[in-house]
file target35.txt (compact mmCIF, C-alpha atoms and all ligand atoms)
# COMPACT_ATOMS: atom_id res chain seq x y z
CA MET A 226 154.20 -2.28 -29.55
CA ARG A 227 150.60 -1.56 -30.46
CA GLU A 228 151.38 -0.86 -34.10
CA ARG A 229 153.47 -3.93 -34.56
CA SER A 230 150.76 -6.12 -33.13
CA GLU A 231 148.05 -4.62 -35.23
CA ARG A 232 148.16 -7.02 -38.13
CA TYR A 233 147.07 -9.82 -35.79
CA ASP A 234 144.19 -7.97 -34.27
CA ASP A 235 141.55 -9.52 -36.50
CA VAL A 236 142.65 -13.10 -35.87
CA VAL A 237 143.92 -12.81 -32.38
CA ILE A 238 141.79 -10.47 -30.39
CA GLY A 239 138.76 -12.28 -31.73
CA ARG A 240 137.30 -15.48 -30.36
CA GLN A 241 140.05 -17.72 -31.59
CA TYR A 242 142.47 -17.36 -28.69
CA ARG A 243 140.23 -16.21 -25.91
CA ASP A 244 140.21 -19.67 -24.35
CA MET A 245 143.53 -20.88 -25.59
CA GLU A 246 145.12 -23.48 -23.34
CA PHE A 247 148.80 -23.92 -22.56
CA ARG A 248 148.26 -27.68 -22.53
CA ASP A 249 144.83 -28.45 -23.94
CA LEU A 250 143.28 -31.02 -21.62
CA LYS A 251 139.78 -29.98 -22.69
CA GLU A 252 140.34 -30.95 -26.30
CA GLN A 253 142.02 -34.17 -25.20
CA TYR A 254 138.95 -35.07 -23.13
CA LYS A 255 136.57 -34.06 -25.89
CA GLN A 256 138.27 -36.36 -28.37
CA ASN A 257 138.39 -39.30 -25.98
CA LYS A 258 135.28 -38.67 -23.91
CA GLN A 259 133.50 -41.93 -24.50
CA ALA A 260 136.35 -44.20 -23.42
CA ILE A 261 137.25 -42.07 -20.40
CA ASP A 262 133.64 -41.65 -19.23
CA CYS A 263 133.14 -45.38 -19.52
CA ALA A 264 136.28 -46.12 -17.47
CA ILE A 265 135.18 -43.68 -14.75
CA ALA A 266 131.63 -45.09 -14.69
CA GLY A 267 133.08 -48.56 -14.23
CA VAL A 268 134.84 -47.47 -11.04
CA LEU A 269 131.72 -45.66 -9.77
CA ASP A 270 129.66 -48.82 -10.33
CA SER A 271 132.16 -50.95 -8.44
CA THR A 272 132.71 -48.36 -5.63
CA HIS A 273 136.13 -49.97 -5.25
CA PHE A 274 137.76 -46.55 -4.93
CA ILE A 275 141.02 -47.55 -3.26
CA SER A 276 143.18 -50.42 -4.53
CA GLY A 277 140.63 -51.54 -7.13
CA PRO A 278 141.79 -53.99 -9.80
CA GLN A 279 142.56 -51.15 -12.25
CA VAL A 280 145.50 -50.08 -10.06
CA GLU A 281 147.34 -53.37 -10.48
CA GLU A 282 146.38 -53.56 -14.15
CA LEU A 283 147.86 -50.09 -14.73
CA GLU A 284 151.06 -50.93 -12.81
CA LYS A 285 151.58 -54.00 -15.02
CA LYS A 286 150.99 -51.97 -18.19
CA LEU A 287 153.33 -49.18 -17.11
CA ALA A 288 156.10 -51.59 -16.10
CA GLY A 289 155.76 -53.29 -19.50
CA TYR A 290 155.82 -50.01 -21.40
CA VAL A 291 158.86 -48.65 -19.56
CA GLY A 292 160.60 -52.02 -19.60
CA VAL A 293 161.25 -52.56 -15.89
CA LYS A 294 160.28 -55.34 -13.52
CA HIS A 295 158.30 -53.32 -10.98
CA CYS A 296 155.97 -50.34 -11.11
CA ILE A 297 154.55 -49.11 -7.80
CA SER A 298 151.94 -46.38 -8.25
CA CYS A 299 151.51 -43.70 -5.58
CA GLY A 300 149.86 -40.40 -4.71
CA ASN A 301 152.03 -38.01 -6.76
CA GLY A 302 155.50 -37.52 -8.22
CA THR A 303 156.87 -35.84 -5.11
CA ASP A 304 155.87 -38.82 -2.96
CA ALA A 305 157.44 -41.13 -5.54
CA LEU A 306 160.79 -39.33 -5.09
CA LEU A 307 160.33 -39.43 -1.32
CA LEU A 308 159.55 -43.17 -1.34
CA ALA A 309 162.78 -43.82 -3.25
CA LEU A 310 164.89 -41.84 -0.78
CA MET A 311 163.13 -43.56 2.16
CA ALA A 312 163.74 -47.00 0.63
CA TRP A 313 167.46 -46.14 0.45
CA ASN A 314 167.37 -44.92 4.04
CA ILE A 315 168.77 -41.53 3.06
CA GLY A 316 168.53 -38.98 5.86
CA ALA A 317 170.35 -36.58 8.15
CA GLY A 318 174.00 -36.06 7.25
CA ASP A 319 173.69 -37.50 3.75
CA LEU A 320 174.51 -35.58 0.56
CA VAL A 321 172.37 -35.87 -2.58
CA PHE A 322 173.32 -34.22 -5.89
CA VAL A 323 170.51 -32.55 -7.88
CA PRO A 324 170.28 -30.04 -10.77
CA ASP A 325 170.01 -26.37 -9.83
CA PHE A 326 167.54 -25.83 -12.68
CA THR A 327 164.44 -27.99 -12.08
CA PHE A 328 161.02 -28.03 -10.43
CA PHE A 329 161.27 -27.56 -6.66
CA SER A 330 160.18 -31.14 -5.84
CA SER A 331 163.39 -32.70 -7.18
CA ALA A 332 165.40 -30.91 -4.48
CA GLU A 333 162.68 -30.50 -1.84
CA VAL A 334 162.47 -34.23 -1.06
CA ILE A 335 166.18 -34.30 -0.17
CA ALA A 336 165.50 -31.78 2.58
CA THR A 337 162.25 -33.51 3.57
CA VAL A 338 164.19 -36.63 4.59
CA GLY A 339 166.73 -34.45 6.42
CA ALA A 340 169.58 -34.84 3.91
CA THR A 341 171.52 -32.00 2.25
CA PRO A 342 171.17 -31.14 -1.44
CA VAL A 343 174.25 -30.32 -3.51
CA PHE A 344 173.21 -28.25 -6.52
CA VAL A 345 174.76 -29.08 -9.87
CA ASP A 346 174.71 -26.86 -12.96
CA VAL A 347 172.93 -27.80 -16.18
CA ASP A 348 173.84 -27.74 -19.85
CA TYR A 349 172.69 -24.61 -21.72
CA ASP A 350 171.49 -26.51 -24.78
CA THR A 351 169.56 -29.36 -23.14
CA PHE A 352 168.61 -27.87 -19.74
CA ASN A 353 169.75 -31.16 -18.18
CA MET A 354 172.44 -31.99 -15.63
CA ASP A 355 175.95 -31.08 -16.84
CA VAL A 356 178.02 -34.20 -16.27
CA GLU A 357 181.24 -32.16 -15.91
CA SER A 358 179.63 -29.93 -13.29
CA LEU A 359 178.53 -33.08 -11.43
CA LYS A 360 182.11 -34.37 -11.47
CA ARG A 361 183.41 -31.04 -10.15
CA ALA A 362 180.76 -30.98 -7.41
CA ILE A 363 181.78 -34.47 -6.33
CA ALA A 364 185.49 -33.54 -6.41
CA ALA A 365 184.75 -30.50 -4.24
CA VAL A 366 183.42 -32.67 -1.38
CA ASP A 367 186.02 -32.91 1.41
CA GLU A 368 187.73 -36.26 1.88
CA GLN A 369 186.19 -36.77 5.34
CA ASP A 370 182.69 -36.12 3.94
CA ARG A 371 182.87 -38.48 0.98
CA HIS A 372 181.12 -41.28 2.85
CA ARG A 373 178.11 -38.95 3.14
CA MET A 374 177.56 -38.89 -0.66
CA LYS A 375 174.56 -41.19 -1.22
CA ALA A 376 172.71 -40.45 -4.45
CA VAL A 377 172.38 -38.39 -7.62
CA ILE A 378 168.92 -37.24 -8.73
CA ALA A 379 168.97 -36.70 -12.51
CA VAL A 380 165.97 -34.90 -14.00
CA ASP A 381 164.64 -35.49 -17.55
CA LEU A 382 163.73 -31.84 -17.93
CA PHE A 383 161.04 -30.75 -20.41
CA GLY A 384 160.79 -34.33 -21.71
CA GLN A 385 164.34 -35.06 -22.85
CA PRO A 386 166.24 -37.69 -20.86
CA ALA A 387 169.36 -36.48 -19.06
CA ARG A 388 172.67 -38.15 -20.07
CA LEU A 389 171.56 -40.96 -17.81
CA ASP A 390 174.12 -43.56 -18.85
CA GLU A 391 177.04 -41.20 -18.18
CA ILE A 392 175.52 -39.90 -14.95
CA LYS A 393 174.91 -43.44 -13.74
CA ALA A 394 178.57 -44.31 -14.37
CA VAL A 395 179.76 -41.25 -12.44
CA ALA A 396 177.36 -42.04 -9.59
CA SER A 397 178.39 -45.66 -9.26
CA ASP A 398 182.12 -44.84 -9.59
CA ASN A 399 181.58 -42.72 -6.48
CA GLY A 400 179.50 -45.27 -4.59
CA MET A 401 176.21 -43.47 -5.19
CA LEU A 402 172.79 -44.57 -6.40
CA LEU A 403 170.96 -42.93 -9.31
CA LEU A 404 167.38 -41.70 -8.90
CA GLU A 405 165.87 -40.74 -12.26
CA ASP A 406 163.28 -37.99 -11.87
CA GLY A 407 161.21 -38.72 -14.98
CA ALA A 408 158.22 -36.61 -13.87
CA GLN A 409 158.50 -34.78 -17.21
CA GLY A 410 160.30 -37.51 -19.10
CA PHE A 411 157.76 -40.35 -19.32
CA GLY A 412 157.66 -41.55 -22.94
CA GLY A 413 161.14 -40.23 -23.78
CA GLU A 414 163.98 -42.50 -24.91
CA LEU A 415 167.75 -42.79 -24.78
CA ASN A 416 169.26 -45.13 -27.39
CA GLY A 417 165.98 -46.98 -27.80
CA LYS A 418 165.49 -47.51 -24.06
CA LYS A 419 162.56 -45.81 -22.36
CA ALA A 420 162.91 -43.02 -19.81
CA CYS A 421 162.08 -44.09 -16.23
CA SER A 422 164.18 -47.24 -16.68
CA PHE A 423 167.67 -45.79 -16.12
CA GLY A 424 167.74 -45.08 -12.40
CA ASP A 425 168.46 -47.64 -9.72
CA ILE A 426 165.01 -46.30 -8.95
CA SER A 427 163.10 -44.02 -11.36
CA ILE A 428 159.89 -42.09 -10.88
CA THR A 429 157.24 -40.25 -12.81
CA SER A 430 154.28 -37.95 -12.11
CA PHE A 431 150.76 -38.11 -13.51
CA PHE A 432 149.91 -34.49 -12.63
CA PRO A 433 147.37 -33.49 -15.32
CA ALA A 434 149.77 -31.34 -17.37
CA LYS A 435 152.62 -33.90 -17.49
CA PRO A 436 153.17 -35.94 -20.67
CA LEU A 437 150.94 -38.72 -19.29
CA GLY A 438 148.52 -37.02 -16.92
CA CYS A 439 145.55 -38.23 -14.88
CA TYR A 440 142.57 -36.27 -13.57
CA GLY A 441 144.05 -35.34 -10.22
CA ASP A 442 147.34 -36.20 -8.54
CA GLY A 443 149.23 -39.40 -9.23
CA GLY A 444 152.71 -40.82 -9.51
CA ALA A 445 154.73 -44.00 -9.89
CA VAL A 446 158.03 -45.58 -8.90
CA PHE A 447 159.93 -47.94 -11.25
CA THR A 448 162.69 -50.38 -10.37
CA ASP A 449 164.16 -53.74 -11.32
CA ASN A 450 165.16 -54.39 -7.71
CA ASP A 451 162.83 -56.85 -5.90
CA SER A 452 163.64 -55.82 -2.35
CA TRP A 453 163.32 -52.06 -2.96
CA ALA A 454 160.00 -52.71 -4.72
CA GLU A 455 158.72 -54.68 -1.73
CA LEU A 456 159.93 -52.01 0.67
CA ILE A 457 158.24 -49.22 -1.31
CA ARG A 458 154.97 -51.19 -1.43
CA SER A 459 155.14 -51.29 2.37
CA LEU A 460 156.21 -47.64 2.78
CA ARG A 461 153.34 -46.32 0.66
CA VAL A 462 150.76 -47.89 3.00
CA HIS A 463 151.87 -46.94 6.54
CA GLY A 464 154.85 -49.30 6.55
CA LYS A 465 152.56 -52.30 6.37
CA GLY A 466 153.68 -55.85 7.08
CA THR A 467 151.13 -58.55 6.30
CA ASP A 468 148.39 -55.88 6.09
CA LYS A 469 147.90 -52.21 6.91
CA TYR A 470 147.10 -52.99 10.55
CA ASP A 471 150.44 -54.74 10.93
CA ASN A 472 152.93 -51.89 10.87
CA ILE A 473 156.57 -52.89 10.74
CA ARG A 474 158.15 -49.54 9.85
CA ILE A 475 157.24 -45.85 9.59
CA GLY A 476 155.83 -45.12 6.16
CA MET A 477 153.25 -42.81 4.63
CA ASN A 478 149.83 -42.92 2.98
CA SER A 479 150.36 -42.45 -0.73
CA ARG A 480 148.22 -44.52 -3.06
CA LEU A 481 147.04 -43.88 -6.59
CA ASP A 482 143.25 -44.15 -6.36
CA THR A 483 141.22 -46.42 -8.63
CA LEU A 484 139.56 -43.59 -10.57
CA GLN A 485 142.95 -42.20 -11.55
CA ALA A 486 144.19 -45.66 -12.53
CA ALA A 487 141.12 -46.21 -14.73
CA VAL A 488 141.64 -42.84 -16.44
CA LEU A 489 145.34 -43.59 -16.95
CA ILE A 490 144.67 -46.99 -18.55
CA GLU A 491 142.66 -45.18 -21.24
CA LYS A 492 145.08 -42.29 -21.55
CA LEU A 493 148.10 -44.60 -21.89
CA LYS A 494 146.51 -46.01 -25.06
CA ILE A 495 146.09 -42.56 -26.64
CA PHE A 496 149.53 -41.58 -25.43
CA LYS A 497 151.18 -44.51 -27.21
CA GLU A 498 149.04 -44.48 -30.32
CA TYR A 499 148.77 -40.78 -31.00
CA GLU A 500 149.97 -38.15 -28.54
CA LEU A 501 153.72 -38.84 -28.38
CA GLU A 502 154.11 -38.80 -32.14
CA GLN A 503 151.88 -35.77 -32.49
CA CYS A 504 154.07 -33.83 -30.04
CA ASP A 505 157.08 -34.65 -32.22
CA LYS A 506 155.26 -33.10 -35.17
CA VAL A 507 154.36 -29.99 -33.18
CA ALA A 508 157.98 -29.59 -32.05
CA LYS A 509 159.14 -29.91 -35.65
CA LEU A 510 156.72 -27.20 -36.79
CA TYR A 511 157.97 -24.85 -34.06
CA ASP A 512 161.60 -25.72 -34.92
CA GLU A 513 161.13 -24.86 -38.60
CA ARG A 514 159.42 -21.57 -37.93
CA LEU A 515 161.70 -20.40 -35.13
CA GLU A 516 165.05 -21.38 -36.58
CA GLY A 517 167.40 -18.41 -36.40
CA VAL A 518 164.77 -16.40 -34.47
CA VAL A 519 165.31 -17.76 -30.97
CA ARG A 520 167.32 -20.73 -29.64
CA THR A 521 165.08 -23.73 -30.16
CA PRO A 522 165.37 -26.83 -27.93
CA LYS A 523 168.22 -29.15 -28.82
CA ILE A 524 167.59 -32.88 -28.74
CA LEU A 525 170.83 -34.86 -28.57
CA PRO A 526 171.55 -37.77 -30.93
CA GLY A 527 170.01 -41.00 -29.63
CA MET A 528 167.47 -39.11 -27.53
CA ARG A 529 163.73 -38.78 -27.89
CA SER A 530 161.81 -36.12 -25.98
CA SER A 531 158.25 -36.60 -24.77
CA TRP A 532 157.88 -32.79 -25.00
CA ALA A 533 156.59 -31.98 -21.53
CA GLN A 534 157.55 -28.43 -22.57
CA TYR A 535 158.73 -26.69 -25.70
CA THR A 536 161.15 -24.16 -24.25
CA VAL A 537 162.97 -21.53 -26.30
CA LYS A 538 165.70 -19.10 -25.27
CA PHE A 539 165.90 -15.38 -26.08
CA GLU A 540 169.00 -13.17 -26.27
CA ASN A 541 168.21 -11.52 -22.97
CA LYS A 542 165.59 -11.04 -20.29
CA GLU A 543 164.11 -7.88 -21.81
CA LEU A 544 163.29 -9.64 -25.08
CA ARG A 545 161.94 -12.70 -23.25
CA ASP A 546 159.69 -10.57 -21.06
CA LYS A 547 158.55 -8.54 -24.05
CA ALA A 548 157.67 -11.66 -26.06
CA MET A 549 155.76 -13.00 -23.10
CA ALA A 550 153.81 -9.74 -22.75
CA VAL A 551 152.97 -9.53 -26.46
CA LEU A 552 151.77 -13.13 -26.56
CA LYS A 553 149.73 -12.61 -23.42
CA GLU A 554 148.16 -9.49 -24.88
CA HIS A 555 146.95 -11.70 -27.72
CA GLY A 556 145.55 -14.34 -25.42
CA ILE A 557 148.38 -16.81 -25.85
CA PRO A 558 149.54 -18.40 -22.61
CA THR A 559 153.26 -19.00 -22.04
CA ALA A 560 155.23 -19.87 -18.93
CA VAL A 561 158.68 -19.29 -17.47
CA TYR A 562 160.03 -22.66 -16.38
CA TYR A 563 161.88 -21.79 -14.20
CA ALA A 564 162.16 -18.24 -12.89
CA LYS A 565 164.53 -19.07 -10.00
CA PRO A 566 167.32 -21.62 -9.62
CA MET A 567 167.16 -23.92 -6.59
CA HIS A 568 170.11 -22.26 -4.85
CA ALA A 569 168.28 -18.91 -4.90
CA GLN A 570 165.06 -20.26 -3.38
CA LYS A 571 164.42 -18.94 0.12
CA ALA A 572 163.70 -22.45 1.36
CA PHE A 573 167.33 -23.36 0.53
CA ALA A 574 168.88 -20.24 2.05
CA ASP A 575 170.80 -22.46 4.50
CA VAL A 576 172.37 -24.60 1.78
CA LEU A 577 175.91 -23.54 0.92
CA SER A 578 176.49 -23.40 -2.84
CA ASP A 579 179.36 -22.46 -5.10
CA VAL A 580 177.36 -19.91 -7.08
CA ASP A 581 180.12 -19.63 -9.72
CA GLU A 582 179.45 -23.27 -10.56
CA LEU A 583 175.75 -22.53 -11.16
CA LYS A 584 176.03 -19.81 -13.81
CA VAL A 585 174.13 -21.58 -16.59
CA SER A 586 171.13 -22.30 -14.37
CA THR A 587 171.07 -18.68 -13.24
CA LYS A 588 171.28 -17.39 -16.82
CA LEU A 589 168.58 -19.75 -18.11
CA CYS A 590 166.06 -18.35 -15.64
CA ASP A 591 166.33 -15.00 -17.43
CA VAL A 592 165.99 -16.16 -21.01
CA VAL A 593 163.69 -19.20 -21.15
CA LEU A 594 160.09 -19.19 -22.31
CA SER A 595 157.88 -22.27 -22.68
CA LEU A 596 155.33 -22.08 -25.49
CA PRO A 597 151.95 -23.83 -25.76
CA MET A 598 152.79 -27.48 -26.46
CA HIS A 599 150.34 -30.36 -26.67
CA PRO A 600 149.13 -32.91 -29.20
CA TYR A 601 146.00 -30.96 -30.10
CA ILE A 602 147.45 -27.58 -31.08
CA LYS A 603 146.72 -26.50 -34.67
CA GLU A 604 149.39 -25.73 -37.23
CA GLU A 605 147.95 -22.28 -37.91
CA THR A 606 148.15 -21.43 -34.22
CA ILE A 607 151.80 -22.44 -34.16
CA THR A 608 152.44 -20.25 -37.20
CA GLN A 609 150.79 -17.26 -35.57
CA ILE A 610 152.66 -17.71 -32.29
CA CYS A 611 155.94 -17.90 -34.21
CA ASP A 612 155.12 -14.82 -36.30
CA MET A 613 154.55 -12.80 -33.15
CA ILE A 614 157.87 -13.96 -31.71
CA LYS A 615 159.57 -13.01 -34.96
CA GLU A 616 158.17 -9.51 -34.71
CA VAL A 617 159.39 -9.06 -31.16
CA THR A 618 162.92 -10.25 -31.98
CA ALA A 619 163.12 -8.37 -35.31
CA VAL A 620 163.40 -4.96 -33.62
C1 LIG B 701 156.01 -32.25 -11.55
C2 LIG B 701 157.36 -32.61 -11.12
C3 LIG B 701 157.60 -33.32 -9.92
C4 LIG B 701 156.53 -33.59 -8.90
O1 LIG B 701 155.40 -34.24 -9.34
P1 LIG B 701 154.00 -34.02 -8.57
O2 LIG B 701 153.16 -35.13 -9.09
O3 LIG B 701 153.51 -32.67 -8.92
O4 LIG B 701 154.28 -34.17 -7.11
C5 LIG B 701 158.89 -33.70 -9.63
N1 LIG B 701 159.90 -33.41 -10.45
C6 LIG B 701 159.73 -32.71 -11.60
C7 LIG B 701 160.91 -32.44 -12.48
C8 LIG B 701 158.46 -32.29 -11.96
O5 LIG B 701 158.29 -31.60 -13.09

call {"tool": "encode", "arguments": {"input": "target35.txt", "output": "structure tokens", "more": "lines below"}}
Ligand SMILES: *Cc1c(COP(=O)(O)O)cnc(C)c1O
result
Amino acid sequence: MRERSERYDDVVIGRQYRDMEFRDLKEQYKQNKQAIDCAIAGVLDSTHFISGPQVEELEKKLAGYVGVKHCISCGNGTDALLLALMAWNIGAGDLVFVPDFTFFSSAEVIATVGATPVFVDVDYDTFNMDVESLKRAIAAVDEQDRHRMKAVIAVDLFGQPARLDEIKAVASDNGMLLLEDGAQGFGGELNGKKACSFGDISITSFFPAKPLGCYGDGGAVFTDNDSWAELIRSLRVHGKGTDKYDNIRIGMNSRLDTLQAAVLIEKLKIFKEYELEQCDKVAKLYDERLEGVVRTPKILPGMRSSWAQYTVKFENKELRDKAMAVLKEHGIPTAVYYAKPMHAQKAFADVLSDVDELKVSTKLCDVVLSLPMHPYIKEETITQICDMIKEVTAV
């Protein structure tokens, strides 16, 4: 391995990659420092740290961008999912369908409200919920338990929307609601319609490394439904009635603070004007260089990805692990999203699953590798990363 890596030693071991970022938030800040600093200073001057005017301004802008009637910001993406399930009164005894291959939150919230997750397999090419597997999972529910089926959580994994129109049809044919987990999908599109607008309720996360990230934790709920929107506005502030000292239901405390809203107003501009398009270019550069080397991500016709991750697939685990080690040795950060399917997580040991139905999710965990992906990565860096991967797979 040493010999084969040698030709990079001059470029790679040197300064160039010592501080290389997986998602370069430092460069993003550097290039937009003035606007962001000014927005933050404005909040500091006002000391209106909670529920300042920037929060409502941001909610209006986000609702307009996504194309839905209501945006309700909150503390993080996990709370956003939780608020949706609470608004639908989902709890003990209820069944909620969710992909087996996703970030833990998507499934965790089902258990948090006391309901039972039903894990559904994903499609090997897109990493997103396999509609046929969903249909089979629904068909496998006993007749006397069918009334317990309440919702489907579809995840827009790595930035590409799930087949949300088809999933929504399957959900509603079976009397279920669709919750779109767009934590990674914000900015993506399906047939010209923006991600986070397909669910009966949809959510996103503003965790710093997500497509649109803030400088701490943040999240948002999107819906066209007036009464759910009103309910969620109450639930996020202790189940408030006329004010937070009038408590008409049990809720939680989950607000997006004013500093985060002010940062997001600035970052939404850059996101729309520059970052989304730039990520498309980066993905294209990777695609060209890695074609025939590894399986590159497949974007379906009519879909646009917001490139939360650029995830490739190797022939087997040994090659994946080797590529990861070689890149790491050269200071290039990569990540395995995800190393374990939901059904194999200890926290879900009590959940009964048909493991034969979850083969693709299980296999993906062995072969996926997410490469550095962000709007500020240089073309030469992409070339060098790809050359190293070529060397590993050429053996
Ligand atoms: C990040 C993420 C979440 C949770 O968002 P947080 O803001 O970190 O709570 C939920 N679902 C998916 C698919 C995610 O990637």

call {"tool": "closest_residue", "arguments": {"input": "target35.txt", "among": "A:Glu513, A:Asp579, A:Asp442, A:Glu498", "to": "ligand LIG 701 (chain B)", "atoms": "only C-alpha atoms and all ligand atoms"}}
result
A:Asp442

call {"tool": "closest_residue", "arguments": {"input": "target35.txt", "among": "A:Ile614, A:Leu460, A:Val323, A:Ile490", "to": "ligand LIG 701 (chain B)", "atoms": "all atoms listed in the file"}}
result
A:Val323

call {"tool": "residues_around", "arguments": {"input": "target35.txt", "residues": "Ile557 (chain A)", "least_positions_apart": "3", "cutoff": "10 Å", "atoms": "all atoms listed in the file", "output": "count of residues only"}}
result
17

call {"tool": "residues_near_ligand", "arguments": {"input": "target35.txt", "ligand": "ligand LIG 701 (chain B)", "cutoff": "6 Å", "atoms": "only C-alpha atoms and all ligand atoms", "output": "JSON, numbers by chain"}}
result
{"A": [301, 302, 303, 327, 328, 330, 331, 380, 406, 408, 409, 430, 431, 432, 442, 443, 444]}

call {"tool": "atom_distance", "arguments": {"input": "target35.txt", "atom1": "CA of Val561 (chain A)", "atom2": "CA of Leu594 (chain A)"}}
result
5.0 Å

call {"tool": "residues_around", "arguments": {"input": "target35.txt", "residues": "Lys603 (chain A)", "least_positions_apart": "3", "cutoff": "12 Å", "atoms": "all atoms listed in the file", "output": "list in words"}}
result
Gln241, Tyr242, Met245, Glu246, Asp249, Glu252, Gln503, Cys504, Lys506, Val507, Ala508, Leu510, Tyr511, Pro597, Met598, His599, Pro600, Thr606, Ile607, Thr608, Gln609 and Ile610 of chain A

call {"tool": "residues_around", "arguments": {"input": "target35.txt", "residues": "Lys547 (chain A)", "least_positions_apart": "4", "cutoff": "12 Å", "atoms": "all atoms listed in the file", "output": "list in words"}}
result
Met226, Phe539, Glu540, Asn541, Lys542, Glu543, Val551, Leu552, Lys553, Glu554, Thr559, Val592, Leu594, Met613, Ile614, Lys615, Glu616, Val617, Thr618 and Val620 of chain A

call {"tool": "atom_distance", "arguments": {"input": "target35.txt", "atom1": "CA of Asn478 (chain A)", "atom2": "CA of Ser427 (chain A)"}}
result
19.6 Å

call {"tool": "residues_near_point", "arguments": {"input": "target35.txt", "point": "(145.5, -38.6, -20.6)", "cutoff": "9 Å", "atoms": "all atoms listed in the file", "output": "list in words"}}
result
Leu250, Gln253, Tyr254, Asn257, Ile261, Phe431, Pro433, Pro436, Leu437, Gly438, Cys439, Tyr440, Val488, Leu489, Ile490, Glu491, Lys492, Leu493, Lys494, Ile495 and Phe496 of chain A

call {"tool": "closest_residue", "arguments": {"input": "target35.txt", "among": "A:Val291, A:Ile335, A:Ala454, A:Val321", "to": "Cys421 (chain A)", "atoms": "only C-alpha atoms"}}
result
A:Val291

call {"tool": "residues_near_point", "arguments": {"input": "target35.txt", "point": "(176.3, -25.1, -3.2)", "cutoff": "12 Å", "atoms": "all atoms listed in the file", "output": "JSON, numbers by chain"}}
result
{"A": [320, 321, 322, 323, 324, 325, 341, 342, 343, 344, 345, 346, 358, 359, 361, 362, 363, 365, 366, 566, 567, 568, 569, 573, 574, 575, 576, 577, 578, 579, 580, 581, 582, 583, 584]}
